[in-house]
Structure formats: structure tokens, C-alpha cells
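Participant: Take a look at the following structure, please.
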Amino acid sequence: MTGTLTFEPDDPINAFLTTCRKAEYNNGPLSGIPVAVKDNISTKGIETTCASKILKGYVPPYDAHVVSLLRAAGAAVAGKTNMDEFGMGTTTENSAFGPTLNPRDTGRVPGGSSGGSAAAVASGMVKMALGTDTGGSIRCPAAFCGIVGLKPTYGRVSRYGLIAYANSLEQIGPMAQSVTDITKLFSVIAGHDPRDSTSCDRPFSHAPSADIKGLKIGIPDEYFGKGVDPAVAGIVRKAIAKLEELGATTVPCTLPSMQYALAAYYVTCTSEASSNLARFDGVRYGPAADAKKSWHDAYRDVRRQGFGPEVRRRIMLGTFALSSGYYGKYYAKAQVARANVRADFLRVLSDVDVIAGPTMPTIAFKLGEKSDPLSMYLSDILTVPANLAGIPAISVPCGISEGMPVGLQIMGRHFEDERVIDVAYAYEQAVKA
Amino acid sequence: MVTEKDVEHIADLADIGIEEGGLAPFTQQFNAILGYFDILDQVPAGDIPAHAEVNVMREDTVAPSLSHDDVVRNAPASENGFIKAPRVMQ
């Protein structure tokens, strides 16, 4: 079956930056299914802005590997979704084109940075979407909007054509209303691509199984401690009790390196961002640099006007962390801390099959609530460890607090995405029944 | 603690500039965040290598690439198929 899909949704929540009114599709496992794509993933012939003024009008001359795979699988690329500028944020309020609103409560944020993708799926505009997750950017909006989101093991999905923010941390992953749809989309995008040197030859072809008898689940103290809303923690504990009813056993565990995981994450991602975002200079794309001015002056003017405040803040933090005299105190220390986080997860996961806890410490924030940058950073504490360690992590809806969805997060061993998917599926099927 | 002068220097290094009136609040937020980063001082000095990543090398191979027109199309200023850039020398 091939054809053209008419995609003209009402979008009062600003989930899309671009919609493809006539989306072509082909034969394949996703034939005719509209899939939304986050706006930091390159789409040939479709404007791709990373929700930044500095890329307004940029039309990529090539498809990201995942987009080629989507098209080959028959999917209709329905549009490009709103996000925090370059993926830098936890609310989608840092978009140069206005925030996305949470479809459950339009006075609240959808989470970020893949907030447009999550809101598009949660409101039913599309069945599936691609997001990207550098420090929680798939799982956070999935939790806040009440959908499922998977951050795959690092290396499982090609990053070719993903406009880079923090290469060593980020992965493209699927977002959908059900675990089954997550597996359909993931089976299309996972696999080796020689154009991404960190890509591994680990395709995905797993049908989810709800049988988790004998599964051993680690429950880290740190995921239920200070800063975690007791109502959210209670709902997640109930969800874990449900997994026990299904035949899983739980054991307490600790991840002591969690205390410096967030600092290690922010030093690492801002350092990588300061290097990656140096390419936006108004020469090859973006608003024109004044060719009559000197190189530095022309650069500075374009970048000051083109980047939003959070992006400039992170570029400057990273520049500082890498600068002479501070490299040892910040960047080098962060890499040791990152190795410790990874070692903590490997140690715990040598004893248990998966680790479970809340995805986010709270329900979705009210619009404007996180105006102080540090307080926004702190809300990423439960999602960044999986990115530092490179392990797979999924968020699945597990209840409602104050009318807003809560996400259960399942983390697993490297390349055991199948197992975290199965646990999420077992939970989803049990509460559905 | 970084001073407003330090922040101006970093902005200069990053070719990013600071908008008028933005220096004081930016410096304050910068210090709050750096204060939080101080927890990294407590990371135990272990024998974990700080550079655990390895480069993946390969031979260069010829493969299809983008057309000249496609590459130049997004450039805001071009002339005779070349991209125009600001002057490097005064």
C-alpha cells in the first residue's frame, strides 16, 4: 500500500513546528502510519530548526539514518515537533517558537526536551514519535504526558543526522501510547550504521513478553530520597508491588555515586555542547553573518542574536569547564564521576536484572515554575544516571497524582533493552486487565 | 566565584557576547551553578581512567556525497558557487 496521507491536525498545544500536510508513504511494517519526528533530527526537504532562531529556514539536504529507515518501513513523516532549543531543557519552554502545552492540563509543561513529540502522541495527533534523550529528554516528557518512552542503550540507534548537542550521552528513541507500539518503532530504527562510529550491530526484533516470573528488581534508596515528591514515590512503590504480584522479587540497593551524577552530567553535556555548537556561525546556514565585519565580531553578533538564553548559558558553562586552569577541576573530575556512576550500575546490575524507580521526582511543573536554571537542572536527577552509564531505560505510565500522570522508570543492563521493554509491558498489561 | 569580568572573558572565548543588562544576572546564575558543581571536589580520586573512550579509526573510502548545489543552498551568502564568510584578516 502506497499513498499520500493528509495530516492537518488542530494543534492548540503547539506540539508541531512543521506539519507535512501531504505526507507520502510506502509499503512496509509502518505503512501509512503517521510518525512525528523531533525537530533536531534531519529530514530531507523539511525545515529542521532544533527550535532555534539560528536554524530558522534551514532545510537539510539529507535524511538522518533513522528517517531513512522510517521511510523505508513505509511510515509517513507527519511533521517536526517542538522541543527545548537544541534539546537544552526539561520543559519545552526553551523553544524559540513558544512552549508546547501539556495536553492533560494546558497550564502545565509537557516536560522536555522532547515535549512536542510527547504531547503529539498523548493528544492522539500521532500514534508514534521519535524523540532524543541526552539526560532524560524522552523519559521526562513521556512521564509528564502519560505515554511510554524508551532511551535505548547507547549505540543501538544511529545518531547520523541528529544535530549534535552532547554526543557521548544522547540517543534517538521511540515514544508511543503503548509498549507494543514502542517495539514496532524501535525495531525499525535500531541497528548498525557505518556513518555513526559509535553505532553497534544490535538490531531489535523482540515481541514483548509479559512473563516476568523470577525477575529480580533492584530498588535504589536514592530514587526515593530527598527531593522526590512523596506522592510520586508512593505511586511508584505501588507499581513495583504490582510487579511483585506478577512474580518478580525486589531487593534494596544503593548507588552512592548518584550524589555527584547531576554535576557530572551538566559539566559533560555543557562541555560537549560548547564544542558542537561552535558550527553555528551564520556562514553555512542560519542568519547571515556580516561579511564586512571581522570574523569574531560577525560570529558574536550572529550567535548572541540567534541563540536563546539557556543555550548561551550552557555554551558558556562548557567553555568555562574546558578552559585552561579549570579543566582539571570540572571536566576531568566529571569524567571520573561518570565512570563511578557506570561502575555503580554495573555492580548493582550484576546482582539484579533491572532497576526500578520514578522517572521524575515530581509531576509536570506549571508553566513558568522553573524559571531559575539550577532548579530546573535538579529535576533531572533521576534520569541523567542512565545516560552517564549508557544503559537502556524506559518510562511507562503508572498512576495519577493531582490529576497528572506519573512515570515508572525501568533501567537495565547494556543491550538488554528487550528486558526493560518486557517489564514495562508486563506492568502495562497487568493494569490494563 | 567568577566575576563579571570573568564572564565577559568566557563570552569572548565562546564568540557569543552578552546582551545589554544581562551581565549581572548571568554572573549570579553562573555562580549558583558552579557552586553546585563543587560537589565534584568530593569525587574520590580513583584509578578509573578519565579518558575511557577510544577512537574508532578506519581507512578513507570514496562514497556518494551531497551535490555542490545542495551544500551551498542553505548558506545565507554565496558567490559563483562559493560560500561567503567574514574576513579573517583586518
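Chain identifiers are assigned as A, B, and so on, following the order in which chains appear in the C-alpha cells; residues are numbered from 1 within each chain, and ligands are numbered from 1 in order of appearance.
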Quick check: residues of chain B within 9 Å of chain A, only C-alpha atoms, returned as a count of residues only.

Facilitator: 55

Participant: Counting only C-alpha atoms, what is within 8 Å of Thr180 of chain A, bar same-chain residues fewer than 6 positions away, as a ChimeraX atom specification?

Facilitator: /A:207-208,425

Participant: Select from segment 225-254 of chain A every residue with an atom at most 12 Å from any atom of segment 380-390 of chain A, then for each give the shortest pair of atoms and their distance in Å to one decimal, using only C-alpha atoms, rows by chain and rising number, as a tab-separated table.

Facilitator:
residue	atom	partner	partner_atom	distance
A:Gly225	CA	A:Leu382	CA	10.7
A:Lys226	CA	A:Ile381	CA	10.9
A:Gly227	CA	A:Ile381	CA	9.3
A:Val228	CA	A:Leu382	CA	9.3

Participant: Using only C-alpha atoms, which of the listed residues (A:Arg104, A:Lys56, A:Lys242, A:Arg159) sits closest to Ser42 of chain A?

Facilitator: A:Arg159

Participant: Taking into account only C-alpha atoms, which residue in the set A:Tyr165, A:Phe224, A:Tyr160, A:Phe97 is nearest to Asp196 of chain A?

Facilitator: A:Tyr160

Participant: If you run DSSP on the backbone, which residues of segment 119-336 of chain A are strand (DSSP E or B), as a PyMOL selection string?

Facilitator: chain A and resi 128-133+148-151+157+162+171-176+190+216-220+249-253+294

Participant: Determine, counting only C-alpha atoms, which protein, DNA and RNA residues have an atom within 9 Å of an atom of Ile189 of chain A; residues of the same chain fewer than 5 positions away are not included. Present the result as a list in words.

Facilitator: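 So, after excluding close chain neighbours, the residues are His65, Val66, Val67, Leu69, Leu70, Arg156, Val157, Ser158, Ile172, Gly173, Pro174, Pro203 and Phe204 of chain A.
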
Participant: For segment 29-40 of chain A, find every residue with an atom within 7 Å (counting only C-alpha atoms), except residues of its own chain fewer than 2 positions away, and show them as a count of residues only.

Facilitator: 30

Participant: Among the residues of segment 9-83 of chain B, find those DSSP assigns to alpha helix (DSSP H) from the backbone and print them as a list in words.

Facilitator: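 Written out, the alpha helix (DSSP H) residues of segment 9-83 of chain B are His9, Ile10, Ala11, Asp12, Leu13, Leu23, Ala24, Pro25, Phe26, Thr27, Gln28, Gln29, Phe30, Asn31, Ala32, Ile33, Leu34, Gly35, Tyr36, Phe37, His68, Asp69, Asp70, Val71, Val72 and Arg73 of chain B.
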
Participant: How about saving the chosen residues, N, CA and C atoms kept, as a PDB file, in the first residue's frame?

Facilitator:
ATOM      1  N   HIS B   9      34.992  37.487  29.722  1.00  0.00           N
ATOM      2  CA  HIS B   9      36.109  36.780  29.078  1.00  0.00           C
ATOM      3  C   HIS B   9      35.640  35.456  28.466  1.00  0.00           C
ATOM      4  N   ILE B  10      34.808  34.731  29.212  1.00  0.00           N
ATOM      5  CA  ILE B  10      34.292  33.448  28.695  1.00  0.00           C
ATOM      6  C   ILE B  10      33.417  33.697  27.466  1.00  0.00           C
ATOM      7  N   ALA B  11      32.589  34.736  27.543  1.00  0.00           N
ATOM      8  CA  ALA B  11      31.725  35.069  26.403  1.00  0.00           C
ATOM      9  C   ALA B  11      32.568  35.382  25.172  1.00  0.00           C
ATOM     10  N   ASP B  12      33.703  36.000  25.411  1.00  0.00           N
ATOM     11  CA  ASP B  12      34.628  36.329  24.332  1.00  0.00           C
ATOM     12  C   ASP B  12      35.233  35.053  23.738  1.00  0.00           C
ATOM     13  N   LEU B  13      35.654  34.133  24.618  1.00  0.00           N
ATOM     14  CA  LEU B  13      36.226  32.861  24.166  1.00  0.00           C
ATOM     15  C   LEU B  13      35.214  32.087  23.323  1.00  0.00           C
ATOM     16  N   LEU B  23      24.620  41.010  32.038  1.00  0.00           N
ATOM     17  CA  LEU B  23      25.849  40.524  32.671  1.00  0.00           C
ATOM     18  C   LEU B  23      25.656  40.174  34.146  1.00  0.00           C
ATOM     19  N   ALA B  24      25.002  41.049  34.904  1.00  0.00           N
ATOM     20  CA  ALA B  24      24.863  40.820  36.349  1.00  0.00           C
ATOM     21  C   ALA B  24      24.022  39.565  36.646  1.00  0.00           C
ATOM     22  N   PRO B  25      22.800  39.447  36.087  1.00  0.00           N
ATOM     23  CA  PRO B  25      22.028  38.228  36.385  1.00  0.00           C
ATOM     24  C   PRO B  25      22.711  36.963  35.872  1.00  0.00           C
ATOM     25  N   PHE B  26      23.369  37.067  34.731  1.00  0.00           N
ATOM     26  CA  PHE B  26      24.058  35.910  34.169  1.00  0.00           C
ATOM     27  C   PHE B  26      25.181  35.460  35.101  1.00  0.00           C
ATOM     28  N   THR B  27      25.937  36.404  35.620  1.00  0.00           N
ATOM     29  CA  THR B  27      27.047  36.080  36.524  1.00  0.00           C
ATOM     30  C   THR B  27      26.521  35.406  37.786  1.00  0.00           C
ATOM     31  N   GLN B  28      25.388  35.914  38.294  1.00  0.00           N
ATOM     32  CA  GLN B  28      24.785  35.357  39.507  1.00  0.00           C
ATOM     33  C   GLN B  28      24.339  33.903  39.273  1.00  0.00           C
ATOM     34  N   GLN B  29      23.659  33.653  38.151  1.00  0.00           N
ATOM     35  CA  GLN B  29      23.218  32.278  37.839  1.00  0.00           C
ATOM     36  C   GLN B  29      24.414  31.364  37.618  1.00  0.00           C
ATOM     37  N   PHE B  30      25.411  31.885  36.957  1.00  0.00           N
ATOM     38  CA  PHE B  30      26.636  31.147  36.673  1.00  0.00           C
ATOM     39  C   PHE B  30      27.273  30.676  37.983  1.00  0.00           C
ATOM     40  N   ASN B  31      27.339  31.583  38.963  1.00  0.00           N
ATOM     41  CA  ASN B  31      27.960  31.235  40.246  1.00  0.00           C
ATOM     42  C   ASN B  31      27.138  30.213  41.020  1.00  0.00           C
ATOM     43  N   ALA B  32      25.798  30.331  40.915  1.00  0.00           N
ATOM     44  CA  ALA B  32      24.937  29.351  41.606  1.00  0.00           C
ATOM     45  C   ALA B  32      25.198  27.956  41.042  1.00  0.00           C
ATOM     46  N   ILE B  33      25.310  27.867  39.716  1.00  0.00           N
ATOM     47  CA  ILE B  33      25.517  26.569  39.076  1.00  0.00           C
ATOM     48  C   ILE B  33      26.916  26.033  39.397  1.00  0.00           C
ATOM     49  N   LEU B  34      27.924  26.905  39.318  1.00  0.00           N
ATOM     50  CA  LEU B  34      29.289  26.463  39.633  1.00  0.00           C
ATOM     51  C   LEU B  34      29.392  26.028  41.100  1.00  0.00           C
ATOM     52  N   GLY B  35      28.633  26.693  41.968  1.00  0.00           N
ATOM     53  CA  GLY B  35      28.606  26.302  43.379  1.00  0.00           C
ATOM     54  C   GLY B  35      28.104  24.876  43.523  1.00  0.00           C
ATOM     55  N   TYR B  36      27.104  24.551  42.747  1.00  0.00           N
ATOM     56  CA  TYR B  36      26.580  23.179  42.777  1.00  0.00           C
ATOM     57  C   TYR B  36      27.619  22.191  42.248  1.00  0.00           C
ATOM     58  N   PHE B  37      28.368  22.583  41.221  1.00  0.00           N
ATOM     59  CA  PHE B  37      29.389  21.707  40.633  1.00  0.00           C
ATOM     60  C   PHE B  37      30.511  21.382  41.627  1.00  0.00           C
ATOM     61  N   HIS B  68      27.117  19.731  -4.947  1.00  0.00           N
ATOM     62  CA  HIS B  68      27.610  21.083  -4.657  1.00  0.00           C
ATOM     63  C   HIS B  68      26.435  22.037  -4.390  1.00  0.00           C
ATOM     64  N   ASP B  69      25.414  21.960  -5.239  1.00  0.00           N
ATOM     65  CA  ASP B  69      24.253  22.848  -5.088  1.00  0.00           C
ATOM     66  C   ASP B  69      23.564  22.654  -3.736  1.00  0.00           C
ATOM     67  N   ASP B  70      23.428  21.384  -3.335  1.00  0.00           N
ATOM     68  CA  ASP B  70      22.765  21.096  -2.057  1.00  0.00           C
ATOM     69  C   ASP B  70      23.534  21.705  -0.887  1.00  0.00           C
ATOM     70  N   VAL B  71      24.849  21.652  -0.982  1.00  0.00           N
ATOM     71  CA  VAL B  71      25.669  22.147   0.126  1.00  0.00           C
ATOM     72  C   VAL B  71      25.559  23.663   0.245  1.00  0.00           C
ATOM     73  N   VAL B  72      25.537  24.331  -0.896  1.00  0.00           N
ATOM     74  CA  VAL B  72      25.549  25.796  -0.884  1.00  0.00           C
ATOM     75  C   VAL B  72      24.153  26.377  -0.610  1.00  0.00           C
ATOM     76  N   ARG B  73      23.120  25.560  -0.847  1.00  0.00           N
ATOM     77  CA  ARG B  73      21.752  26.066  -0.811  1.00  0.00           C
ATOM     78  C   ARG B  73      21.383  26.755   0.507  1.00  0.00           C
TER      79      ARG B  73
END

Participant: Record the distance separating atom CA of Val354 of chain A and atom CA of Gly412 of chain A, expressed in Å with one decimal.

Facilitator: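 Atom-to-atom, atom CA of Val354 of chain A to atom CA of Gly412 of chain A, that is 4.6 Å.
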